[in-house]
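Everything below concerns the one structure shown next.
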Amino acid sequence: MDTESVDWALKTTRAVRRRLDLGRPVDDQIILDCIDVAEQAPTGGNQSSRRWIVVRDPEIKQELARLYQEAGGLFFTEARDQLEGTGHPREPMMRSAAHLVEHLAEVPVIVIPVIVGRHDGSGAPGLFDSVIQSAWSFCVALRARGLGSTWTTAVLAKAPELKELLGIPDGVTEIAMLPVAWTKGTDFRPAPRSPAREITFFDGYGRICESGPGTALRMADGPGMVVEVDIAAHPDVVWAAITDINLPAQFSDEFNGADWDEGFDGPALGATFTGRNHLEALGHWEVTSFVDVLEPNGAFGWCTSDPDNPGARWRFEIQPLVGGGTRLLFRLFLGPGPSGLTMFIEQNPDKEHGMIVNRLQHHRVNMQRVVDGIRDHLQ
Ligand SMILES: Cc1cc2nc3c(=O)[nH]c(=O)nc-3n(C[C@H](O)[C@H](O)[C@H](O)COP(=O)(O)O)c2cc1C
């Protein structure tokens, strides 16, 4: 198999809106070929329940465009007008989404994948879980042939009208609306996405590893833990809370507080603070931390003991949520330098994996308490 081409198709199947070629007709056969590809996707019980509605009739497309406009289109056009010229990160997306709203009726073909059945929570196979992967294969198959689409769902808010317009029976569920056209050029690029290492958990939720992993955790691989919480507060507010080092400390069961060291005049790279800690096994101790990550409204992090060979690295990360609010992540990497944990590991090297797992589990509970505490404090 030509891995590079397959990966490239998967990585560059973008939401295409402004680069849909509205003037070039799309042959039915190419749509059918892509549906044949898509039908190879897995389906619960190996049962064929997917159906594909291909709309080419200009009057029906006009009606679909009207429904799309009513269902969500106004949101996109208003957002576009509000963000125009602001440099907001969502400005290009909204400009593109609004363009589709205004030109949907001119798109040569609109494909609506549906599935026989209703999503009733029964757990029976054959519903959404049997159609999304197939509809996505359809989009990738289009891309491989020089066509493009955008996964849209806004129109589903008008399901009764959609059913009436297309004669879709009650027991059949609409999944998406895919405008299809040849693309203007084919030089689409991969989009910025979270790197796998940040969102992949090995052998347990939240467990991350900088390198490796073998099945046994080693300090040398940079094992770590991440927890997260969604907060109904603006990123500015969350940023102020996480950079006020004493506020997170209030919610921790082993970190009794912290004081910025001499000369502190606001969080800055290289600034130091001394944390006061308590652990049953170790009693009270203090540790000096060095701010080593500072991206306003993005990330705030510090490392402990020695900036060149830290015992641990802690990071708060904040991400704005679509529709308002903020996602707060709290991430820890152990090592690579010495710490209380490495002292114990040196005494019992054969127990390294188990000790790391226990320590991470302890941290996880505490870290979750911290982010939940910040959320409850701010909401
Ligand atoms: C569940 C879902 C619903 C979406 N609904 C719409 C929509 O109604 N209108 C639209 O223009 N784009 C819609 N999109 C497309 C996203 O905006 C798009 O995937 C996102 O901006 C990222 O762009 P990319 O796919 O090119 O990386 C939807 C995507 C998904 C997965």
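Naming works like this for the structure tokens: A, B, ... for the chains as they're shown, residue 1 at the start of each chain, ligands 1 onward in shown order.
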Within 8 Å of ligand 1, counting only C-alpha atoms and all ligand atoms: which residues, as a PDB file with C-alpha atoms, in the first residue's frame?
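pocket-v6.pdb, freshly written:
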ATOM      1  CA  THR A  12      -5.706  16.930   4.058  1.00  0.00           C
ATOM      2  CA  THR A  13      -9.421  16.233   3.741  1.00  0.00           C
ATOM      3  CA  ARG A  14     -10.355  19.724   4.872  1.00  0.00           C
ATOM      4  CA  ALA A  15     -13.680  21.482   5.295  1.00  0.00           C
ATOM      5  CA  VAL A  16     -13.763  23.049   1.811  1.00  0.00           C
ATOM      6  CA  ARG A  17     -16.185  25.918   1.281  1.00  0.00           C
ATOM      7  CA  GLY A  72     -27.658  27.939  11.566  1.00  0.00           C
ATOM      8  CA  GLY A  73     -26.658  30.066   8.637  1.00  0.00           C
ATOM      9  CA  PHE A  76     -22.313  32.071  10.648  1.00  0.00           C
ATOM     10  CA  MET A  93     -13.454  29.857   9.632  1.00  0.00           C
ATOM     11  CA  MET A  94     -16.483  32.134  10.010  1.00  0.00           C
ATOM     12  CA  SER A  96     -15.593  30.439   5.061  1.00  0.00           C
ATOM     13  CA  ALA A  97     -18.742  29.140   6.812  1.00  0.00           C
ATOM     14  CA  ALA A  98     -20.685  32.275   5.859  1.00  0.00           C
ATOM     15  CA  LEU A 100     -21.094  28.383   2.198  1.00  0.00           C
ATOM     16  CA  VAL A 101     -24.350  29.710   3.653  1.00  0.00           C
ATOM     17  CA  THR A 150     -17.618  20.098   4.283  1.00  0.00           C
ATOM     18  CA  TRP A 151     -19.116  18.054   7.069  1.00  0.00           C
ATOM     19  CA  THR A 152     -22.134  20.152   8.076  1.00  0.00           C
ATOM     20  CA  THR A 153     -24.822  19.397  10.620  1.00  0.00           C
ATOM     21  CA  ALA A 154     -26.511  22.761  11.226  1.00  0.00           C
ATOM     22  CA  VAL A 155     -29.459  21.817   8.995  1.00  0.00           C
ATOM     23  CA  ALA A 176     -25.001  15.259   7.906  1.00  0.00           C
ATOM     24  CA  PRO A 190      -2.784  19.365   7.278  1.00  0.00           C
ATOM     25  CA  ALA A 191      -4.389  21.580   9.950  1.00  0.00           C
ATOM     26  CA  PRO A 192      -2.929  22.293  13.391  1.00  0.00           C
TER      27      PRO A 192
END
Query raised in the report: Could you pull the residues within 10 Å of A:Gly171, counting only C-alpha atoms, minus those fewer than 4 positions along the same chain, as a PyMOL selection string?
Result: chain A and resi 115-119
Generate the output file for the selected residues, N, CA and C atoms, as a compact mmCIF listing (two decimals), in the first residue's frame.
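Dumped everything to again02.txt:
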# COMPACT_ATOMS: atom_id res chain seq x y z
N ILE A 115 -29.46 6.95 7.91
CA ILE A 115 -29.42 5.55 8.33
C ILE A 115 -30.81 5.10 8.74
N VAL A 116 -31.14 3.88 8.35
CA VAL A 116 -32.46 3.34 8.69
C VAL A 116 -32.44 3.03 10.18
N GLY A 117 -33.26 3.72 10.93
CA GLY A 117 -33.32 3.52 12.37
C GLY A 117 -33.28 4.84 13.10
N ARG A 118 -33.49 4.77 14.40
CA ARG A 118 -33.45 5.97 15.23
C ARG A 118 -32.46 5.78 16.36
N HIS A 119 -31.80 6.85 16.73
CA HIS A 119 -30.84 6.75 17.82
C HIS A 119 -31.62 6.82 19.11
Query - Contacts of stretch 29-39 of chain A at 6 Å (only C-alpha atoms; same-chain gap of 2+ positions) as a count of residues only - result: 6
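Closest approach to A:Arg19 from the set A:Asn358, A:Thr173, A:Ser48, A:Thr186 is made by A:Thr186, with distances taken over only C-alpha atoms.
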Query - Point-to-point distance from atom CA of A:Asp265 to atom CA of A:Pro320, Å rounded to tenths - result: 26.7 Å
Report task. Name the residues of stretch 227-273 of chain A that fall into helix (DSSP H, G or I) according to DSSP on the backbone, using the chain letters and numbers of this document, as an NGL selection string. Result -> :A and (235-243 or 246-250)
Query raised in the report: Taking into account only C-alpha atoms, which residue in the set A:Met343, A:Ala299, A:Ala144, A:Leu64 is nearest to A:Leu282?
Result: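 Ranked by minimum distance to A:Leu282, first place goes to A:Met343.
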Within 7 Å of stretch 324-335 of chain A, which residues of stretch 159-244 of chain A come that close, and what is the closest atom pair and distance in Å for each? Count only C-alpha atoms and give it as CSV.
residue,atom,partner,partner_atom,distance
A:Met219,CA,A:Gly335,CA,6.2
A:Gly222,CA,A:Leu334,CA,5.8
A:Pro223,CA,A:Phe333,CA,5.8
A:Gly224,CA,A:Phe333,CA,4.2
A:Met225,CA,A:Leu332,CA,5.3
A:Val226,CA,A:Arg331,CA,4.3
A:Val227,CA,A:Phe330,CA,5.4
A:Glu228,CA,A:Leu329,CA,4.2
A:Val229,CA,A:Leu328,CA,5.4
A:Asp230,CA,A:Arg327,CA,4.4
A:Ile231,CA,A:Thr326,CA,5.2
A:Ala232,CA,A:Gly325,CA,4.4
A:Ala233,CA,A:Gly325,CA,4.8
A:His234,CA,A:Gly325,CA,5.4
A:Pro235,CA,A:Thr326,CA,5.6
Query raised in the report: A:Glu91: which residues within 9 Å, counting only C-alpha atoms, same-chain residues fewer than 6 positions away excluded, as a VMD selection string?
Result: chain A and resid 79 to 80 82 to 85
Query raised in the report: Can you tell me, as a list in words, what residues are no more than 12 Å from A:Ser5 when counting only C-alpha atoms, ignoring any on the same chain fewer than 4 positions away?
Result: Met1, Ala9, Leu10, Lys11, Thr12, Val140, Arg143 and Ala144 of chain A
Hey, what's within 10 Å of A:Ala249 if we count only C-alpha atoms and toss same-chain stuff fewer than 2 positions away? As a PDB file with C-alpha atoms, in the first residue's frame, please?
ATOM      1  CA  ILE A 242      -3.781  29.863  37.451  1.00  0.00           C
ATOM      2  CA  ASP A 244      -1.946  33.372  41.114  1.00  0.00           C
ATOM      3  CA  ILE A 245       0.040  30.420  42.471  1.00  0.00           C
ATOM      4  CA  ASN A 246      -1.665  30.454  45.848  1.00  0.00           C
ATOM      5  CA  LEU A 247      -5.159  29.970  44.447  1.00  0.00           C
ATOM      6  CA  PHE A 251      -7.242  23.023  46.585  1.00  0.00           C
ATOM      7  CA  SER A 252      -4.239  20.709  46.762  1.00  0.00           C
ATOM      8  CA  ASP A 253      -3.853  18.132  49.517  1.00  0.00           C
ATOM      9  CA  GLU A 254      -0.069  18.135  49.423  1.00  0.00           C
ATOM     10  CA  PHE A 255       0.830  21.656  48.429  1.00  0.00           C
ATOM     11  CA  ASN A 256       0.166  23.960  51.379  1.00  0.00           C
ATOM     12  CA  GLY A 257       0.909  27.216  49.654  1.00  0.00           C
ATOM     13  CA  ALA A 258       3.639  29.064  47.869  1.00  0.00           C
ATOM     14  CA  GLY A 275       6.224  25.856  47.568  1.00  0.00           C
ATOM     15  CA  ARG A 276       5.467  24.479  50.994  1.00  0.00           C
ATOM     16  CA  ASN A 277       4.405  20.874  50.884  1.00  0.00           C
ATOM     17  CA  VAL A 370      -7.064  21.402  41.996  1.00  0.00           C
ATOM     18  CA  GLY A 373     -11.480  23.609  42.876  1.00  0.00           C
ATOM     19  CA  ILE A 374     -10.500  26.341  40.401  1.00  0.00           C
TER      20      ILE A 374
END
Query raised in the report: For A:Arg359, which of A:Gly263, A:Val131, A:Gly167, A:Arg207 is the closest residue, counting only C-alpha atoms?
Result: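 Checking each of A:Gly263, A:Val131, A:Gly167, A:Arg207 against A:Arg359, counting only C-alpha atoms, the winner is A:Arg207.
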Report summary line: Pairwise distance, atom CA of A:Pro336 with atom CA of A:Asn309, equals 6.2 Å
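The gap separating atom CA of A:Met367 from atom CA of A:Thr215 is 24.1 Å, in Å to one decimal.
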Requested in this report: Fewer than 2 positions away in the same chain doesn't count, so skip those; otherwise give me all residues within 9 Å of A:Lys158, counting only C-alpha atoms, as a ChimeraX atom specification.
Outcome: /A:67-68,70-71,154-156,160-163
Write a file of the just-selected residues containing C-alpha atoms, as a compact mmCIF listing (two decimals), in the first residue's frame.
# COMPACT_ATOMS: atom_id res chain seq x y z
CA LEU A 67 -33.34 25.56 5.63
CA TYR A 68 -29.59 25.73 6.25
CA GLU A 70 -32.67 29.33 8.96
CA ALA A 71 -31.13 26.55 11.02
CA ALA A 154 -26.51 22.76 11.23
CA VAL A 155 -29.46 21.82 8.99
CA LEU A 156 -30.30 18.86 11.26
CA PRO A 160 -38.88 17.68 10.22
CA GLU A 161 -38.66 20.15 7.31
CA LEU A 162 -35.75 18.19 5.82
CA LYS A 163 -37.74 14.97 6.06
Report task. Report as a ChimeraX atom specification: the residues of stretch 159-285 of chain A with a DSSP assignment of strand (DSSP E or B), based on the backbone of this structure. Result -> /A:172-174,177-183,207-209,223-231,255-260,272-279,283-285
Limited to C-alpha atoms, could you put the picked residues into a file as an mmCIF file, in the first residue's frame?
data_model
loop_
_atom_site.group_PDB
_atom_site.id
_atom_site.type_symbol
_atom_site.label_atom_id
_atom_site.label_comp_id
_atom_site.auth_asym_id
_atom_site.auth_seq_id
_atom_site.Cartn_x
_atom_site.Cartn_y
_atom_site.Cartn_z
ATOM 1 C CA VAL A 172 -34.773 7.086 9.167
ATOM 2 C CA THR A 173 -32.158 9.418 10.713
ATOM 3 C CA GLU A 174 -30.282 12.150 8.834
ATOM 4 C CA MET A 177 -25.301 17.431 4.844
ATOM 5 C CA LEU A 178 -22.294 17.280 2.513
ATOM 6 C CA PRO A 179 -22.018 19.890 -0.254
ATOM 7 C CA VAL A 180 -19.899 18.319 -3.003
ATOM 8 C CA ALA A 181 -17.933 19.978 -5.827
ATOM 9 C CA TRP A 182 -14.607 19.824 -7.614
ATOM 10 C CA THR A 183 -12.112 21.880 -5.628
ATOM 11 C CA ARG A 207 -1.371 8.632 31.694
ATOM 12 C CA ILE A 208 1.009 10.251 29.225
ATOM 13 C CA CYS A 209 4.657 9.611 28.386
ATOM 14 C CA PRO A 223 6.009 9.575 32.471
ATOM 15 C CA GLY A 224 3.223 11.978 33.344
ATOM 16 C CA MET A 225 -0.414 12.663 34.027
ATOM 17 C CA VAL A 226 -2.975 15.110 32.683
ATOM 18 C CA VAL A 227 -6.378 16.135 34.028
ATOM 19 C CA GLU A 228 -8.833 18.649 32.629
ATOM 20 C CA VAL A 229 -12.022 20.511 33.339
ATOM 21 C CA ASP A 230 -14.369 22.837 31.418
ATOM 22 C CA ILE A 231 -15.021 26.145 33.180
ATOM 23 C CA PHE A 255 0.830 21.656 48.429
ATOM 24 C CA ASN A 256 0.166 23.960 51.379
ATOM 25 C CA GLY A 257 0.909 27.216 49.654
ATOM 26 C CA ALA A 258 3.639 29.064 47.869
ATOM 27 C CA ASP A 259 5.377 32.426 47.940
ATOM 28 C CA TRP A 260 7.028 34.147 45.050
ATOM 29 C CA THR A 272 10.978 31.538 41.200
ATOM 30 C CA PHE A 273 8.651 30.627 44.026
ATOM 31 C CA THR A 274 8.979 28.375 47.018
ATOM 32 C CA GLY A 275 6.224 25.856 47.568
ATOM 33 C CA ARG A 276 5.467 24.479 50.994
ATOM 34 C CA ASN A 277 4.405 20.874 50.884
ATOM 35 C CA HIS A 278 3.199 18.131 53.110
ATOM 36 C CA LEU A 279 3.001 14.390 52.550
ATOM 37 C CA GLY A 283 6.363 15.235 56.478
ATOM 38 C CA HIS A 284 6.861 18.906 55.607
ATOM 39 C CA TRP A 285 9.302 20.033 52.982
#
Query raised in the report: Which of these, A:Tyr205, A:Phe344, A:Phe75, A:Phe188, has the shortest distance to A:Ala281 once you count only C-alpha atoms?
Result: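 Between A:Tyr205, A:Phe344, A:Phe75, A:Phe188, the residue approaching A:Ala281 most closely is A:Phe344.
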